[in-house]
$ cat query.csv   # CSV, C-alpha atoms
chain,number,residue,atom,x,y,z
A,2,MET,CA,-17.8,-3.9,21.5
A,3,ASP,CA,-15.0,-6.3,20.6
A,4,VAL,CA,-12.7,-4.9,17.9
A,5,VAL,CA,-9.4,-6.0,16.3
A,6,VAL,CA,-7.1,-3.2,15.2
A,7,ILE,CA,-4.6,-4.2,12.5
A,8,GLY,CA,-1.6,-1.9,12.1
A,9,ALA,CA,-1.8,-0.8,15.7
A,10,SER,CA,1.9,-0.1,16.0
A,11,GLY,CA,1.7,2.9,13.7
A,12,THR,CA,0.8,6.5,14.8
A,13,ILE,CA,-2.8,6.4,13.6
A,14,GLY,CA,-3.3,2.8,14.8
A,15,LYS,CA,-2.1,3.6,18.3
A,16,ALA,CA,-4.4,6.6,18.5
A,17,ILE,CA,-7.4,4.4,17.4
A,18,VAL,CA,-6.5,1.8,20.1
A,19,GLN,CA,-6.3,4.5,22.8
A,20,GLU,CA,-9.6,6.1,21.6
A,21,ALA,CA,-11.4,2.7,21.6
A,22,LEU,CA,-10.1,1.8,25.1
A,23,LYS,CA,-11.2,5.3,26.3
A,24,ARG,CA,-14.7,4.4,25.2
A,25,LYS,CA,-14.6,1.0,27.1
A,26,HIS,CA,-14.3,-1.3,24.1
A,27,GLU,CA,-12.5,-4.6,24.2
A,28,VAL,CA,-9.5,-4.2,21.9
A,29,THR,CA,-7.2,-6.8,20.3
A,30,VAL,CA,-4.2,-5.3,18.5
A,31,ALA,CA,-2.9,-7.4,15.6
A,32,VAL,CA,0.7,-6.5,14.8
A,33,ARG,CA,3.7,-8.1,13.1
A,34,SER,CA,5.7,-8.0,16.3
A,35,THR,CA,4.2,-8.0,19.8
A,36,GLU,CA,7.3,-6.1,21.0
A,37,THR,CA,6.0,-3.0,19.2
A,38,VAL,CA,3.0,-2.7,21.6
A,39,MET,CA,3.9,-0.3,24.3
A,40,LEU,CA,0.4,0.3,25.7
A,41,GLU,CA,-0.7,-1.9,28.7
A,42,HIS,CA,-4.4,-2.0,29.6
A,43,GLU,CA,-6.7,-4.6,31.2
A,44,ARG,CA,-9.0,-4.6,28.1
A,45,LEU,CA,-6.1,-4.9,25.6
A,46,LYS,CA,-5.1,-8.2,24.0
A,47,VAL,CA,-2.3,-8.7,21.5
A,48,VAL,CA,-1.9,-11.1,18.6
A,49,GLN,CA,0.6,-11.5,15.8
A,50,VAL,CA,-0.5,-11.2,12.2
A,51,ASP,CA,1.0,-11.1,8.8
A,52,VAL,CA,-1.4,-8.8,7.0
A,53,LEU,CA,-0.2,-10.1,3.6
A,54,ASP,CA,-1.2,-13.7,4.5
A,55,ALA,CA,-4.9,-14.5,4.4
A,56,ALA,CA,-4.6,-17.5,6.8
A,57,SER,CA,-2.7,-15.3,9.3
A,58,VAL,CA,-5.4,-12.7,9.1
A,59,ALA,CA,-8.2,-15.3,9.5
A,60,ALA,CA,-6.5,-16.6,12.7
A,61,ALA,CA,-6.1,-13.1,14.1
A,62,VAL,CA,-9.7,-12.0,13.5
A,63,ALA,CA,-11.6,-15.2,14.1
A,64,GLY,CA,-14.3,-14.8,16.8
A,65,HIS,CA,-14.4,-11.0,16.5
A,66,GLY,CA,-17.1,-8.9,15.0
A,67,GLU,CA,-15.5,-5.6,14.0
A,68,ILE,CA,-12.1,-5.1,12.4
A,69,ILE,CA,-10.2,-1.9,11.8
A,70,SER,CA,-7.2,-1.7,9.5
A,71,ALA,CA,-4.8,1.1,9.9
A,72,TYR,CA,-2.1,-0.8,7.9
A,73,GLY,CA,0.5,1.1,6.1
A,74,PRO,CA,3.2,-0.4,3.9
A,75,ASP,CA,7.0,0.0,4.4
A,76,PRO,CA,8.6,2.7,2.2
A,77,GLY,CA,9.1,1.5,-1.3
A,78,ARG,CA,6.6,-1.3,-0.9
A,79,GLU,CA,3.4,0.5,-2.0
A,80,ASP,CA,2.1,-2.5,-3.8
A,81,ASP,CA,1.7,-4.3,-0.5
A,82,LEU,CA,-1.4,-2.2,0.0
A,83,LEU,CA,-3.1,-4.2,-2.8
A,84,ARG,CA,-1.7,-7.5,-1.4
A,85,ALA,CA,-3.1,-6.5,2.0
A,86,ALA,CA,-6.5,-5.6,0.6
A,87,ASP,CA,-6.8,-9.1,-1.0
A,88,SER,CA,-5.5,-10.8,2.1
A,89,LEU,CA,-7.9,-8.9,4.4
A,90,ILE,CA,-10.8,-9.7,2.2
A,91,GLU,CA,-10.0,-13.4,2.0
A,92,GLY,CA,-8.9,-13.7,5.6
A,93,LEU,CA,-12.2,-12.2,6.9
A,94,ARG,CA,-14.1,-14.5,4.5
A,95,GLN,CA,-12.3,-17.5,6.0
A,96,ALA,CA,-13.0,-16.3,9.5
A,97,GLY,CA,-16.7,-15.5,8.8
A,98,VAL,CA,-16.2,-11.9,9.7
A,99,GLU,CA,-17.9,-9.3,7.4
A,100,ARG,CA,-17.3,-5.8,9.0
A,101,LEU,CA,-14.1,-4.0,8.1
A,102,ILE,CA,-13.2,-0.3,8.6
A,103,ILE,CA,-10.2,0.8,6.6
A,104,VAL,CA,-8.1,3.9,7.2
A,105,GLY,CA,-6.9,4.7,3.7
A,106,GLY,CA,-5.5,7.5,1.6
A,107,ALA,CA,-6.6,11.0,0.6
A,108,GLY,CA,-5.2,10.9,-3.0
A,109,SER,CA,-8.4,9.9,-4.7
A,110,LEU,CA,-10.6,12.5,-3.1
A,111,LYS,CA,-11.9,15.1,-5.6
A,112,THR,CA,-10.8,18.7,-5.3
A,113,GLU,CA,-12.7,21.8,-6.3
A,114,SER,CA,-11.3,21.5,-9.8
A,115,GLY,CA,-12.7,18.1,-10.1
A,116,GLU,CA,-9.3,16.5,-10.1
A,117,TRP,CA,-8.2,13.8,-7.7
A,118,LEU,CA,-6.0,15.3,-5.1
A,119,MET,CA,-3.0,13.2,-6.2
A,120,ASP,CA,-3.4,14.6,-9.8
A,121,THR,CA,-3.1,18.2,-8.7
A,122,ALA,CA,0.0,20.2,-9.5
A,123,ASP,CA,1.0,20.7,-5.8
A,124,PHE,CA,0.7,17.1,-4.7
A,125,PRO,CA,4.2,15.9,-3.7
A,126,GLU,CA,5.7,13.7,-6.4
A,127,GLU,CA,7.3,11.3,-4.0
A,128,LEU,CA,3.8,10.5,-2.5
A,129,ARG,CA,2.1,9.7,-5.8
A,130,PRO,CA,3.0,5.9,-5.8
A,131,LEU,CA,1.5,5.5,-2.3
A,132,ALA,CA,-1.5,7.6,-3.2
A,133,ALA,CA,-2.1,5.6,-6.3
A,134,ALA,CA,-1.8,2.3,-4.4
A,135,HIS,CA,-4.4,3.5,-1.9
A,136,ALA,CA,-6.7,4.4,-4.7
A,137,HIS,CA,-6.4,1.0,-6.3
A,138,ALA,CA,-6.9,-0.7,-2.9
A,139,TYR,CA,-10.0,1.3,-2.4
A,140,GLU,CA,-11.4,-0.1,-5.6
A,141,VAL,CA,-10.6,-3.7,-4.4
A,142,TYR,CA,-12.6,-3.1,-1.2
A,143,ARG,CA,-15.5,-1.6,-3.2
A,144,SER,CA,-15.7,-4.7,-5.4
A,145,SER,CA,-15.7,-7.1,-2.5
A,146,ALA,CA,-18.7,-8.5,-0.6
A,147,LEU,CA,-17.4,-7.1,2.7
A,148,ASP,CA,-19.4,-4.7,4.8
A,149,TYR,CA,-16.6,-2.2,4.5
A,150,THR,CA,-16.2,1.5,5.4
A,151,TYR,CA,-13.2,3.3,3.8
A,152,ILE,CA,-12.1,6.4,5.6
A,153,SER,CA,-10.0,8.9,3.6
A,154,PRO,CA,-8.1,11.3,5.8
A,155,PRO,CA,-7.6,15.0,4.7
A,156,ALA,CA,-4.5,16.1,2.9
A,157,ALA,CA,-2.6,16.5,6.2
A,158,VAL,CA,-2.8,14.4,9.4
A,159,ILE,CA,-1.0,16.4,12.0
A,160,ALA,CA,0.1,16.2,15.6
A,161,GLY,CA,-2.4,18.0,17.8
A,162,ARG,CA,-5.1,17.3,20.3
A,163,ARG,CA,-8.5,15.6,20.6
A,164,THR,CA,-11.3,18.1,20.1
A,165,GLY,CA,-14.1,15.9,18.7
A,166,MET,CA,-15.0,18.8,16.4
A,167,PHE,CA,-14.6,18.2,12.6
A,168,ARG,CA,-16.5,18.2,9.4
A,169,ILE,CA,-17.6,15.0,7.5
A,170,GLY,CA,-17.8,14.6,3.8
A,171,LEU,CA,-17.9,11.8,1.2
A,172,ASP,CA,-15.7,11.8,-1.9
A,173,ARG,CA,-14.7,15.5,-2.0
A,174,LEU,CA,-11.7,16.9,-0.1
A,175,ILE,CA,-12.7,19.1,2.8
A,176,THR,CA,-10.9,22.4,3.1
A,177,ASP,CA,-11.2,25.3,5.5
A,178,GLU,CA,-11.5,29.0,4.6
A,179,ASN,CA,-7.8,29.2,3.9
A,180,GLY,CA,-7.9,26.2,1.6
A,181,GLU,CA,-6.1,24.0,4.1
A,182,SER,CA,-7.2,20.4,4.6
A,183,SER,CA,-6.1,18.8,7.9
A,184,ILE,CA,-7.0,17.0,11.1
A,185,SER,CA,-5.1,15.9,14.1
A,186,VAL,CA,-4.2,12.2,14.6
A,187,GLU,CA,-6.4,12.2,17.7
A,188,ASP,CA,-9.5,13.5,15.9
A,189,LEU,CA,-9.0,11.1,13.0
A,190,ALA,CA,-9.1,8.3,15.6
A,191,VAL,CA,-12.3,9.8,17.0
A,192,ALA,CA,-13.9,9.7,13.6
A,193,VAL,CA,-12.8,6.0,13.2
A,194,VAL,CA,-14.3,5.0,16.5
A,195,ASP,CA,-17.4,7.0,15.9
A,196,GLU,CA,-17.9,4.9,12.7
A,197,LEU,CA,-17.2,1.7,14.7
A,198,GLU,CA,-20.0,2.6,17.1
A,199,GLU,CA,-22.5,4.2,14.7
A,200,GLY,CA,-22.0,2.4,11.4
A,201,ASN,CA,-23.2,5.4,9.3
A,202,PHE,CA,-21.2,4.6,6.2
A,203,SER,CA,-21.7,0.9,5.4
A,204,ARG,CA,-20.1,0.1,2.0
A,205,GLU,CA,-19.2,3.7,1.6
A,206,ARG,CA,-16.2,6.0,1.8
A,207,PHE,CA,-16.1,9.2,3.9
A,208,THR,CA,-13.6,11.8,4.9
A,209,VAL,CA,-13.1,14.2,7.7
A,210,ALA,CA,-11.3,17.5,8.3
A,211,TYR,CA,-11.4,20.7,10.2

$ encode --input "query.csv" --output "structure tokens"
Amino acid sequence: MDVVVIGASGTIGKAIVQEALKRKHEVTVAVRSTETVMLEHERLKVVQVDVLDAASVAAAVAGHGEIISAYGPDPGREDDLLRAADSLIEGLRQAGVERLIIVGGAGSLKTESGEWLMDTADFPEELRPLAAAHAHAYEVYRSSALDYTYISPPAAVIAGRRTGMFRIGLDRLITDENGESSISVEDLAVAVVDELEEGNFSRERFTVAY
């Protein structure tokens, strides 16, 4: 499969690229600066993209069938998530590409109390603007004509290892017997590439956790 990974210079983006290459996919990484790409591989191509510019997105994804966005805004620029959502939707439309998998946020997942995670008392105050921006961006994707899949991570994405063993849910936060909600970066990447290959959640959101 030929896939473009946008935001491939970040921690989650890099893990997705490595997982996709491990599974023999042809991968094009789309990044702001090609100097940020440290991984060399015979099936890896690199293109520059400004994810906030629809024409740049269209040029980067043209001719490809599957797009994964692991884009995250710079600190203090949370509203760029909404600009990126609009740009990705329009850029893919211009390029004639319909399939987009987005790695988003956990803040709008429902908890046992029925509240969104970002509205609970223990949610870090400093993360609320980013969580709210992710929630708004999710609504933008939902209202688009794209064949999108939105992946909400659990409350914590941690350094760890690849196990391939995790639970899958839809709009509700997954917690373990201790009330913890987490997954390793590597296993989140597994979940993303599983969806790339299997397409189980077309025009839906899902989440994963241990």

$ residues_near_point --input "query.csv" --point "(-6.8, 5.3, 7.3)" --cutoff "8 Å" --atoms "only C-alpha atoms" --output "PyMOL selection string"
chain A and resi 13+70-72+103-106+151-154

$ residues_around --input "query.csv" --residues "segment 158-169 of chain A" --least-positions-apart "3" --cutoff "10 Å" --atoms "only C-alpha atoms" --output "list in words"
Thr12, Ile13, Glu20, Pro154, Pro155, Arg173, Leu174, Ile175, Thr176, Asp177, Ser182, Ser183, Ile184, Ser185, Val186, Glu187, Asp188, Leu189, Ala190, Val191, Ala192, Asp195, Phe207, Thr208, Val209, Ala210 and Tyr211 of chain A

$ residues_around --input "query.csv" --residues "Thr112 of chain A" --least-positions-apart "4" --cutoff "12 Å" --atoms "only C-alpha atoms" --output "number ranges by chain"
A: 107-108, 116-124, 155-156, 171-176, 180-182

$ residues_near_point --input "query.csv" --point "(3.2, -8.1, 12.8)" --cutoff "6 Å" --atoms "only C-alpha atoms" --output "JSON list (two decimals) with C-alpha atoms, in the frame of the given file"
[["chain", "number", "residue", "atom", "x", "y", "z"],
["A", 32, "VAL", "CA", 0.70, -6.50, 14.80],
["A", 33, "ARG", "CA", 3.70, -8.10, 13.10],
["A", 34, "SER", "CA", 5.70, -8.00, 16.30],
["A", 49, "GLN", "CA", 0.60, -11.50, 15.80],
["A", 50, "VAL", "CA", -0.50, -11.20, 12.20],
["A", 51, "ASP", "CA", 1.00, -11.10, 8.80]]

$ atom_distance --input "query.csv" --atom1 "atom CA of Val18 of chain A" --atom2 "atom CA of Pro125 of chain A"
29.7 Å

$ closest_residue --input "query.csv" --among "A:Asp3, A:Glu99, A:Asp75, A:Asp87" --to "Ser203 of chain A" --atoms "all atoms listed in the file"
A:Glu99

$ atom_distance --input "query.csv" --atom1 "atom CA of Ala96 of chain A" --atom2 "atom CA of Val62 of chain A"
6.7 Å

$ closest_residue --input "query.csv" --among "A:Ile7, A:Val98, A:His137, A:Leu45" --to "Lys23 of chain A" --atoms "all atoms listed in the file"
A:Leu45

$ atom_distance --input "query.csv" --atom1 "atom CA of Pro76 of chain A" --atom2 "atom CA of Ser145 of chain A"
26.6 Å

$ closest_residue --input "query.csv" --among "A:Leu110, A:Ala157, A:Leu101, A:Ala134" --to "His65 of chain A" --atoms "all atoms listed in the file"
A:Leu101

$ closest_residue --input "query.csv" --among "A:Pro130, A:Gly170, A:Gly14, A:Gly64" --to "Gly77 of chain A" --atoms "only C-alpha atoms"
A:Pro130

$ residues_around --input "query.csv" --residues "Leu197 of chain A" --least-positions-apart "2" --cutoff "9 Å" --atoms "only C-alpha atoms" --output "list of chain:residue names"
A:Met2, A:Val4, A:Glu67, A:Ile68, A:Ile69, A:Ile102, A:Ala192, A:Val193, A:Val194, A:Asp195, A:Glu199, A:Gly200, A:Asn201

$ closest_residue --input "query.csv" --among "A:Glu205, A:Lys46, A:His135, A:Ser109" --to "Asp148 of chain A" --atoms "only C-alpha atoms"
A:Glu205

$ closest_residue --input "query.csv" --among "A:Ala146, A:Leu89, A:Ala56, A:Val48" --to "Val28 of chain A" --atoms "all atoms listed in the file"
A:Val48

$ build_atoms --input "query.csv" --residues "segment 43-64 of chain A" --atoms "N, CA, C and O atoms" --output "PDB file, keeping the file's coordinate frame"
ATOM      1  N   GLU A  43      -6.001  -3.363  30.818  1.00  0.00           N
ATOM      2  CA  GLU A  43      -6.700  -4.600  31.200  1.00  0.00           C
ATOM      3  C   GLU A  43      -7.624  -5.090  30.080  1.00  0.00           C
ATOM      4  O   GLU A  43      -7.966  -6.275  30.023  1.00  0.00           O
ATOM      5  N   ARG A  44      -8.076  -4.203  29.198  1.00  0.00           N
ATOM      6  CA  ARG A  44      -9.000  -4.600  28.100  1.00  0.00           C
ATOM      7  C   ARG A  44      -8.237  -4.672  26.772  1.00  0.00           C
ATOM      8  O   ARG A  44      -8.859  -4.646  25.719  1.00  0.00           O
ATOM      9  N   LEU A  45      -6.922  -4.824  26.816  1.00  0.00           N
ATOM     10  CA  LEU A  45      -6.100  -4.900  25.600  1.00  0.00           C
ATOM     11  C   LEU A  45      -5.492  -6.280  25.461  1.00  0.00           C
ATOM     12  O   LEU A  45      -4.809  -6.749  26.357  1.00  0.00           O
ATOM     13  N   LYS A  46      -5.742  -6.919  24.325  1.00  0.00           N
ATOM     14  CA  LYS A  46      -5.100  -8.200  24.000  1.00  0.00           C
ATOM     15  C   LYS A  46      -4.218  -7.971  22.778  1.00  0.00           C
ATOM     16  O   LYS A  46      -4.460  -7.072  21.980  1.00  0.00           O
ATOM     17  N   VAL A  47      -3.213  -8.816  22.630  1.00  0.00           N
ATOM     18  CA  VAL A  47      -2.300  -8.700  21.500  1.00  0.00           C
ATOM     19  C   VAL A  47      -2.110  -9.994  20.807  1.00  0.00           C
ATOM     20  O   VAL A  47      -1.946 -11.042  21.426  1.00  0.00           O
ATOM     21  N   VAL A  48      -2.198  -9.940  19.455  1.00  0.00           N
ATOM     22  CA  VAL A  48      -1.900 -11.100  18.600  1.00  0.00           C
ATOM     23  C   VAL A  48      -0.996 -10.723  17.507  1.00  0.00           C
ATOM     24  O   VAL A  48      -0.923  -9.551  17.122  1.00  0.00           O
ATOM     25  N   GLN A  49      -0.271 -11.700  16.994  1.00  0.00           N
ATOM     26  CA  GLN A  49       0.600 -11.500  15.800  1.00  0.00           C
ATOM     27  C   GLN A  49      -0.171 -11.724  14.561  1.00  0.00           C
ATOM     28  O   GLN A  49      -1.026 -12.624  14.504  1.00  0.00           O
ATOM     29  N   VAL A  50       0.132 -10.960  13.521  1.00  0.00           N
ATOM     30  CA  VAL A  50      -0.500 -11.200  12.200  1.00  0.00           C
ATOM     31  C   VAL A  50       0.442 -10.753  11.121  1.00  0.00           C
ATOM     32  O   VAL A  50       1.219  -9.810  11.269  1.00  0.00           O
ATOM     33  N   ASP A  51       0.377 -11.497  10.035  1.00  0.00           N
ATOM     34  CA  ASP A  51       1.000 -11.100   8.800  1.00  0.00           C
ATOM     35  C   ASP A  51      -0.125 -10.641   7.885  1.00  0.00           C
ATOM     36  O   ASP A  51      -0.872 -11.467   7.360  1.00  0.00           O
ATOM     37  N   VAL A  52      -0.275  -9.335   7.730  1.00  0.00           N
ATOM     38  CA  VAL A  52      -1.400  -8.800   7.000  1.00  0.00           C
ATOM     39  C   VAL A  52      -1.399  -9.174   5.530  1.00  0.00           C
ATOM     40  O   VAL A  52      -2.425  -9.053   4.849  1.00  0.00           O
ATOM     41  N   LEU A  53      -0.280  -9.665   5.044  1.00  0.00           N
ATOM     42  CA  LEU A  53      -0.200 -10.100   3.600  1.00  0.00           C
ATOM     43  C   LEU A  53      -0.494 -11.548   3.455  1.00  0.00           C
ATOM     44  O   LEU A  53      -0.413 -12.068   2.333  1.00  0.00           O
ATOM     45  N   ASP A  54      -0.882 -12.234   4.523  1.00  0.00           N
ATOM     46  CA  ASP A  54      -1.200 -13.700   4.500  1.00  0.00           C
ATOM     47  C   ASP A  54      -2.616 -13.882   4.973  1.00  0.00           C
ATOM     48  O   ASP A  54      -2.923 -13.597   6.134  1.00  0.00           O
ATOM     49  N   ALA A  55      -3.488 -14.356   4.107  1.00  0.00           N
ATOM     50  CA  ALA A  55      -4.900 -14.500   4.400  1.00  0.00           C
ATOM     51  C   ALA A  55      -5.139 -15.428   5.626  1.00  0.00           C
ATOM     52  O   ALA A  55      -5.985 -15.159   6.483  1.00  0.00           O
ATOM     53  N   ALA A  56      -4.388 -16.522   5.685  1.00  0.00           N
ATOM     54  CA  ALA A  56      -4.600 -17.500   6.800  1.00  0.00           C
ATOM     55  C   ALA A  56      -4.197 -16.829   8.120  1.00  0.00           C
ATOM     56  O   ALA A  56      -4.853 -17.059   9.144  1.00  0.00           O
ATOM     57  N   SER A  57      -3.139 -16.013   8.118  1.00  0.00           N
ATOM     58  CA  SER A  57      -2.700 -15.300   9.300  1.00  0.00           C
ATOM     59  C   SER A  57      -3.798 -14.303   9.757  1.00  0.00           C
ATOM     60  O   SER A  57      -4.117 -14.179  10.944  1.00  0.00           O
ATOM     61  N   VAL A  58      -4.352 -13.594   8.774  1.00  0.00           N
ATOM     62  CA  VAL A  58      -5.400 -12.700   9.100  1.00  0.00           C
ATOM     63  C   VAL A  58      -6.626 -13.389   9.659  1.00  0.00           C
ATOM     64  O   VAL A  58      -7.208 -12.966  10.662  1.00  0.00           O
ATOM     65  N   ALA A  59      -7.007 -14.504   9.043  1.00  0.00           N
ATOM     66  CA  ALA A  59      -8.200 -15.300   9.500  1.00  0.00           C
ATOM     67  C   ALA A  59      -7.975 -15.715  10.963  1.00  0.00           C
ATOM     68  O   ALA A  59      -8.899 -15.629  11.778  1.00  0.00           O
ATOM     69  N   ALA A  60      -6.764 -16.179  11.298  1.00  0.00           N
ATOM     70  CA  ALA A  60      -6.500 -16.600  12.700  1.00  0.00           C
ATOM     71  C   ALA A  60      -6.577 -15.468  13.660  1.00  0.00           C
ATOM     72  O   ALA A  60      -7.048 -15.628  14.788  1.00  0.00           O
ATOM     73  N   ALA A  61      -6.137 -14.283  13.232  1.00  0.00           N
ATOM     74  CA  ALA A  61      -6.100 -13.100  14.100  1.00  0.00           C
ATOM     75  C   ALA A  61      -7.506 -12.562  14.392  1.00  0.00           C
ATOM     76  O   ALA A  61      -7.771 -12.037  15.479  1.00  0.00           O
ATOM     77  N   VAL A  62      -8.404 -12.650  13.401  1.00  0.00           N
ATOM     78  CA  VAL A  62      -9.700 -12.000  13.500  1.00  0.00           C
ATOM     79  C   VAL A  62     -10.837 -12.956  13.898  1.00  0.00           C
ATOM     80  O   VAL A  62     -11.955 -12.518  14.209  1.00  0.00           O
ATOM     81  N   ALA A  63     -10.585 -14.254  13.881  1.00  0.00           N
ATOM     82  CA  ALA A  63     -11.600 -15.200  14.100  1.00  0.00           C
ATOM     83  C   ALA A  63     -12.284 -14.987  15.506  1.00  0.00           C
ATOM     84  O   ALA A  63     -11.592 -14.747  16.505  1.00  0.00           O
ATOM     85  N   GLY A  64     -13.604 -15.006  15.528  1.00  0.00           N
ATOM     86  CA  GLY A  64     -14.300 -14.800  16.800  1.00  0.00           C
ATOM     87  C   GLY A  64     -14.615 -13.375  17.120  1.00  0.00           C
ATOM     88  O   GLY A  64     -15.250 -13.088  18.133  1.00  0.00           O
TER      89      GLY A  64
END
